[in-house]
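Visitor: So that we are looking at the same thing, I have put the structure below in structure tokens.
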Amino acid sequence: MRSRLDPSFSEFLLRIGDGTEPFVVDDMVKLPDDIVMKWEGEQSVERLIDEVFPELEKNANDKSYMSQWASINDIVEKLNQKVISIFPGDEVVYHSFDMAKDDPNNLWTEDFLNTIAPGGLPPHTLILKIGVPIILLRNLDPSYGLCNDTRLLCRGLYKNFIDAEIVTGSCSGLRVLIPRILMEPPKEVILPFKFVRKQFPVRVGFVLTIKKAKGLYLPEPVFSHGQLYVALSKGVSRTTTKVLVKNGILLDVSGTCTKNVVFRDVLRSYDIAE
């Protein structure tokens with residue numbers, strides 16, 4: 001059953017978004033105690049996984065069960081691999097083929113190229129299992145629902161293609177085959193050479209970025225305008241929202257705190273434009 005919208009939680013979110021939630025120290029705000037999971041070391045991440053994915057092994061084949069939770073970008077891949085290690089089934093490992101073009105003297109070794117992990121590219125080592133959710137990273141065939149950010153479930157893992165089922169949008173339920181393709185980093189990624197990676201254009205989709213999912217893990221405070229509001233607003237009530245904050249305890253302040261970055265000039269400019 002879908003949780004009803006919690007008015008008190010909605011009011012808290014509005015104050016976070018408007019920047020009117022009282023600061024306890026500098027730009028730190030206190031989070032409601034009932035949405036916070038206590039930080040007790042790295043094992044707290046495993047407790048959060050159990051909270052978001054209860055009875056994971058039992059529900060591994062239920063596509064409606066795959067919830068979403070969020071973190072910040074640089075920790076997402078590690079968390080995905082932690083969840084996939086718990087997920088039942090045998091791992092299938094795919095390694096990318098990485099190339100540095102316009103490098104006649106072979107200055108860039110293959111081992112170094114394998115470590116490159118810019119946003120928008122799949123990892124060099126892609127570990128999957130049957131039933132695992134994945135996110136498409138390229139527009140392959142929009143007419144068949146294969147667009148960037150499409151969510152799918154792995155149904156078959158083969159040497160040269162992935163058999164997957166689309167679980168979002170108008171093509172939900174459609175089975176598709178995903179091939180390996182050549183990919184370059186986004187234009188904003190600056191490298192001293194032209195980098196090309198041949199890999200399946202997907203990444204594991206248990207844990208998503210802070211702008212795409214509900215639930216929240218903050219190993220470090222947010223750093224951009226409105227980021228905390230965007231993450232928390234995916235929840236609908238205090239009882240369905242869980243937040244794990246590392247380093248959220250402040251001296252002489254009870255409860256858990258985190259940073260809420262709100263540029264008031266941005267909000268004022270928006271109000272004027274309206």
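Scheme for the structure tokens: letters A, B, ... for chains in order shown; per-chain residue numbers from 1; ligand numbers from 1 in order shown.
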Name the residues of range 83-266 of chain A that fall into alpha helix (DSSP H) according to DSSP on the backbone, using the chain letters and numbers of this document, as a PyMOL selection string.

Guide: chain A and resi 83-86+110-114+227-232+264-266

Visitor: Please provide as a PyMOL selection string all residues within 8 Å of Asp27 in chain A, with the sequence filter that same-chain residues fewer than 3 positions apart are discarded (counting only C-alpha atoms).

Guide: chain A and resi 23-24+259-261

Visitor: Would you mind exporting the chosen residues as a CSV table (one decimal), in the first residue's frame, restricted to all heavy atoms?

Guide:
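Generated output (part31.csv):
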```
chain,number,residue,atom,x,y,z
A,23,PHE,N,19.0,26.9,11.5
A,23,PHE,CA,20.4,26.4,11.6
A,23,PHE,C,20.8,26.2,13.1
A,23,PHE,O,20.5,27.1,13.9
A,23,PHE,CB,21.4,27.3,10.9
A,23,PHE,CG,21.2,27.4,9.4
A,23,PHE,CD1,21.1,28.6,8.8
A,23,PHE,CD2,21.1,26.3,8.6
A,23,PHE,CE1,20.9,28.8,7.5
A,23,PHE,CE2,20.9,26.4,7.3
A,23,PHE,CZ,20.8,27.6,6.7
A,24,VAL,N,21.4,25.1,13.4
A,24,VAL,CA,21.9,24.9,14.7
A,24,VAL,C,23.3,25.5,14.9
A,24,VAL,O,23.7,26.0,15.9
A,24,VAL,CB,21.9,23.4,15.2
A,24,VAL,CG1,20.4,22.9,15.3
A,24,VAL,CG2,22.6,22.5,14.2
A,259,LYS,N,24.4,19.4,6.6
A,259,LYS,CA,24.5,20.7,6.0
A,259,LYS,C,23.3,20.9,5.0
A,259,LYS,O,22.9,19.9,4.3
A,259,LYS,CB,25.8,20.8,5.2
A,259,LYS,CG,26.0,22.2,4.5
A,259,LYS,CD,27.3,22.3,3.9
A,259,LYS,CE,28.5,22.3,4.9
A,259,LYS,NZ,29.8,22.6,4.2
A,260,ASN,N,22.7,22.0,5.0
A,260,ASN,CA,21.6,22.4,4.1
A,260,ASN,C,22.1,23.6,3.3
A,260,ASN,O,22.0,24.7,3.8
A,260,ASN,CB,20.3,22.7,4.8
A,260,ASN,CG,19.2,22.9,3.8
A,260,ASN,OD1,19.1,22.4,2.7
A,260,ASN,ND2,18.2,23.8,4.2
A,261,VAL,N,22.5,23.4,2.1
A,261,VAL,CA,23.0,24.5,1.3
A,261,VAL,C,21.9,25.2,0.5
A,261,VAL,O,21.3,24.5,-0.4
A,261,VAL,CB,24.1,24.1,0.3
A,261,VAL,CG1,24.7,25.2,-0.5
A,261,VAL,CG2,25.3,23.4,1.1
```

Visitor: I'd like the contact shell of range 30-35 of chain A - 7 Å cut-off, only C-alpha atoms, skipping same-chain residues fewer than 2 positions apart - returned as a ChimeraX atom specification.

Guide: /A:24,28,37,238-239,241-243,255-258

Visitor: Write the residues of the preceding selection, restricted to N, CA and C atoms, as a compact mmCIF listing (two decimals), in the first residue's frame.

Guide:
```txt
# COMPACT_ATOMS: atom_id res chain seq x y z
N VAL A 24 21.42 25.09 13.38
CA VAL A 24 21.91 24.90 14.75
C VAL A 24 23.33 25.45 14.88
N MET A 28 24.28 24.16 9.30
CA MET A 28 23.89 22.81 9.70
C MET A 28 22.48 22.82 10.28
N MET A 37 18.94 7.03 10.95
CA MET A 37 19.55 5.80 11.46
C MET A 37 20.87 6.18 12.12
N ARG A 238 7.62 10.35 7.28
CA ARG A 238 8.73 10.06 8.19
C ARG A 238 8.97 8.56 8.33
N THR A 239 7.91 7.78 8.26
CA THR A 239 8.05 6.34 8.48
C THR A 239 8.67 5.62 7.28
N THR A 241 10.99 7.11 5.18
CA THR A 241 12.25 7.75 4.81
C THR A 241 13.32 7.41 5.84
N LYS A 242 14.44 6.91 5.37
CA LYS A 242 15.56 6.57 6.24
C LYS A 242 16.81 7.32 5.78
N VAL A 243 17.51 7.94 6.71
CA VAL A 243 18.69 8.73 6.40
C VAL A 243 19.84 8.27 7.29
N GLY A 255 20.99 14.89 18.79
CA GLY A 255 20.46 14.45 17.50
C GLY A 255 21.50 14.48 16.40
N THR A 256 21.03 14.28 15.17
CA THR A 256 21.91 14.20 14.00
C THR A 256 21.70 15.42 13.12
N CYS A 257 22.80 16.03 12.69
CA CYS A 257 22.74 17.24 11.88
C CYS A 257 23.44 17.01 10.54
N THR A 258 23.09 17.82 9.57
CA THR A 258 23.78 17.80 8.28
C THR A 258 23.66 19.17 7.64
```

Visitor: Would you give me, as a ChimeraX atom specification, the residues in range 6-238 of chain A that DSSP reads as strand (DSSP E or B)?

Guide: /A:23-25,28-30,36-37,69-71,92-95,97-101,125-128,133-136,141,146,151-157,161-166,175-179,181-183,194-199,202-204,207-209,216-218

Visitor: Please write the residues from the selection above to a file, keeping C-alpha atoms, as a CSV table (one decimal), in the first residue's frame.

Guide:
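So out-v3.csv came out as:
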```csv
chain,number,residue,atom,x,y,z
A,23,PHE,CA,20.4,26.4,11.6
A,24,VAL,CA,21.9,24.9,14.7
A,25,VAL,CA,25.5,25.8,13.8
A,28,MET,CA,23.9,22.8,9.7
A,29,VAL,CA,20.3,21.7,10.4
A,30,LYS,CA,19.0,19.1,12.7
A,36,VAL,CA,17.7,9.1,11.1
A,37,MET,CA,19.5,5.8,11.5
A,69,TRP,CA,17.9,4.9,-2.4
A,70,ALA,CA,20.5,7.6,-2.8
A,71,SER,CA,24.0,8.7,-2.1
A,92,VAL,CA,29.1,-12.5,-14.2
A,93,VAL,CA,32.1,-10.2,-14.6
A,94,TYR,CA,32.6,-8.1,-17.8
A,95,HIS,CA,35.8,-6.2,-18.3
A,97,PHE,CA,38.4,-2.7,-23.6
A,98,ASP,CA,40.0,0.7,-23.1
A,99,MET,CA,42.0,2.7,-25.6
A,100,ALA,CA,43.9,6.0,-25.8
A,101,LYS,CA,43.6,7.4,-29.3
A,125,THR,CA,34.8,-4.0,-14.2
A,126,LEU,CA,31.1,-4.5,-14.5
A,127,ILE,CA,29.7,-7.2,-12.1
A,128,LEU,CA,26.1,-8.4,-12.7
A,133,PRO,CA,18.5,-3.8,-11.7
A,134,ILE,CA,20.6,-1.8,-14.2
A,135,ILE,CA,20.5,1.7,-15.6
A,136,LEU,CA,21.1,2.4,-19.3
A,141,ASP,CA,16.9,2.8,-29.6
A,146,LEU,CA,16.2,2.1,-24.9
A,151,ARG,CA,15.8,1.1,-15.8
A,152,LEU,CA,15.9,-2.6,-16.6
A,153,LEU,CA,16.4,-6.0,-14.9
A,154,CYS,CA,19.0,-8.5,-16.1
A,155,ARG,CA,17.3,-11.6,-17.4
A,156,GLY,CA,20.2,-13.2,-19.2
A,157,LEU,CA,24.0,-12.5,-19.2
A,161,PHE,CA,25.0,-9.1,-25.0
A,162,ILE,CA,22.8,-8.7,-22.0
A,163,ASP,CA,19.2,-9.9,-22.1
A,164,ALA,CA,17.2,-7.4,-20.1
A,165,GLU,CA,13.6,-6.4,-19.3
A,166,ILE,CA,12.5,-2.8,-19.3
A,175,ARG,CA,12.6,-7.8,-23.4
A,176,VAL,CA,15.6,-6.3,-25.2
A,177,LEU,CA,19.2,-7.2,-26.0
A,178,ILE,CA,22.0,-4.7,-25.0
A,179,PRO,CA,25.3,-5.0,-26.9
A,181,ILE,CA,29.4,-0.4,-27.7
A,182,LEU,CA,32.2,2.2,-28.0
A,183,MET,CA,31.8,5.1,-25.6
A,194,LYS,CA,41.0,10.9,-26.5
A,195,PHE,CA,39.7,8.1,-24.3
A,196,VAL,CA,37.4,5.3,-25.7
A,197,ARG,CA,35.9,2.5,-23.7
A,198,LYS,CA,34.1,-0.6,-25.1
A,199,GLN,CA,31.7,-1.9,-22.6
A,202,VAL,CA,24.9,0.1,-18.2
A,203,ARG,CA,25.6,0.3,-14.5
A,204,VAL,CA,24.1,-1.4,-11.5
A,207,VAL,CA,22.0,2.7,-5.5
A,208,LEU,CA,21.5,5.9,-7.6
A,209,THR,CA,22.7,9.4,-7.4
A,216,LEU,CA,19.7,8.9,1.6
A,217,TYR,CA,23.2,8.0,2.7
A,218,LEU,CA,25.5,10.9,3.3
```

Visitor: Nearest to Ile190 in chain A: which of A:Lys58, A:Gly119, A:Ala231, A:Asn148 is it, counting only C-alpha atoms?

Guide: A:Gly119

Visitor: Under the rule that only C-alpha atoms are counted, which of A:Lys82, A:Arg47, A:Arg180, A:Lys187 is the nearest residue to Leu140 in chain A?

Guide: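 Of all the options, A:Arg180 lies closest to Leu140 in chain A.
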
Visitor: From the list A:Ser233, A:Asn160, A:Thr115, A:Asn247, which residue is nearest Glu220 in chain A when using only C-alpha atoms?

Guide: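 Using only C-alpha atoms, the shortest distance to Glu220 in chain A belongs to A:Asn247.
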
Visitor: Measuring atom to atom with only C-alpha atoms, identify which of A:Leu137, A:Val262, A:Val45, A:Val253 is nearest to Pro219 in chain A.

Guide: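 Closest residue, counting only C-alpha atoms: A:Val45.
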
Visitor: Between A:Ile86, A:Ala117, A:Ile249, A:Leu244, which one has atoms that come closest to Pro185 in chain A, using only C-alpha atoms?

Guide: A:Ala117

Visitor: To one decimal in Å, tell me the separation between CA of Leu56 in chain A and CA of Pro88 in chain A.

Guide: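 A separation of 8.2 Å between them.
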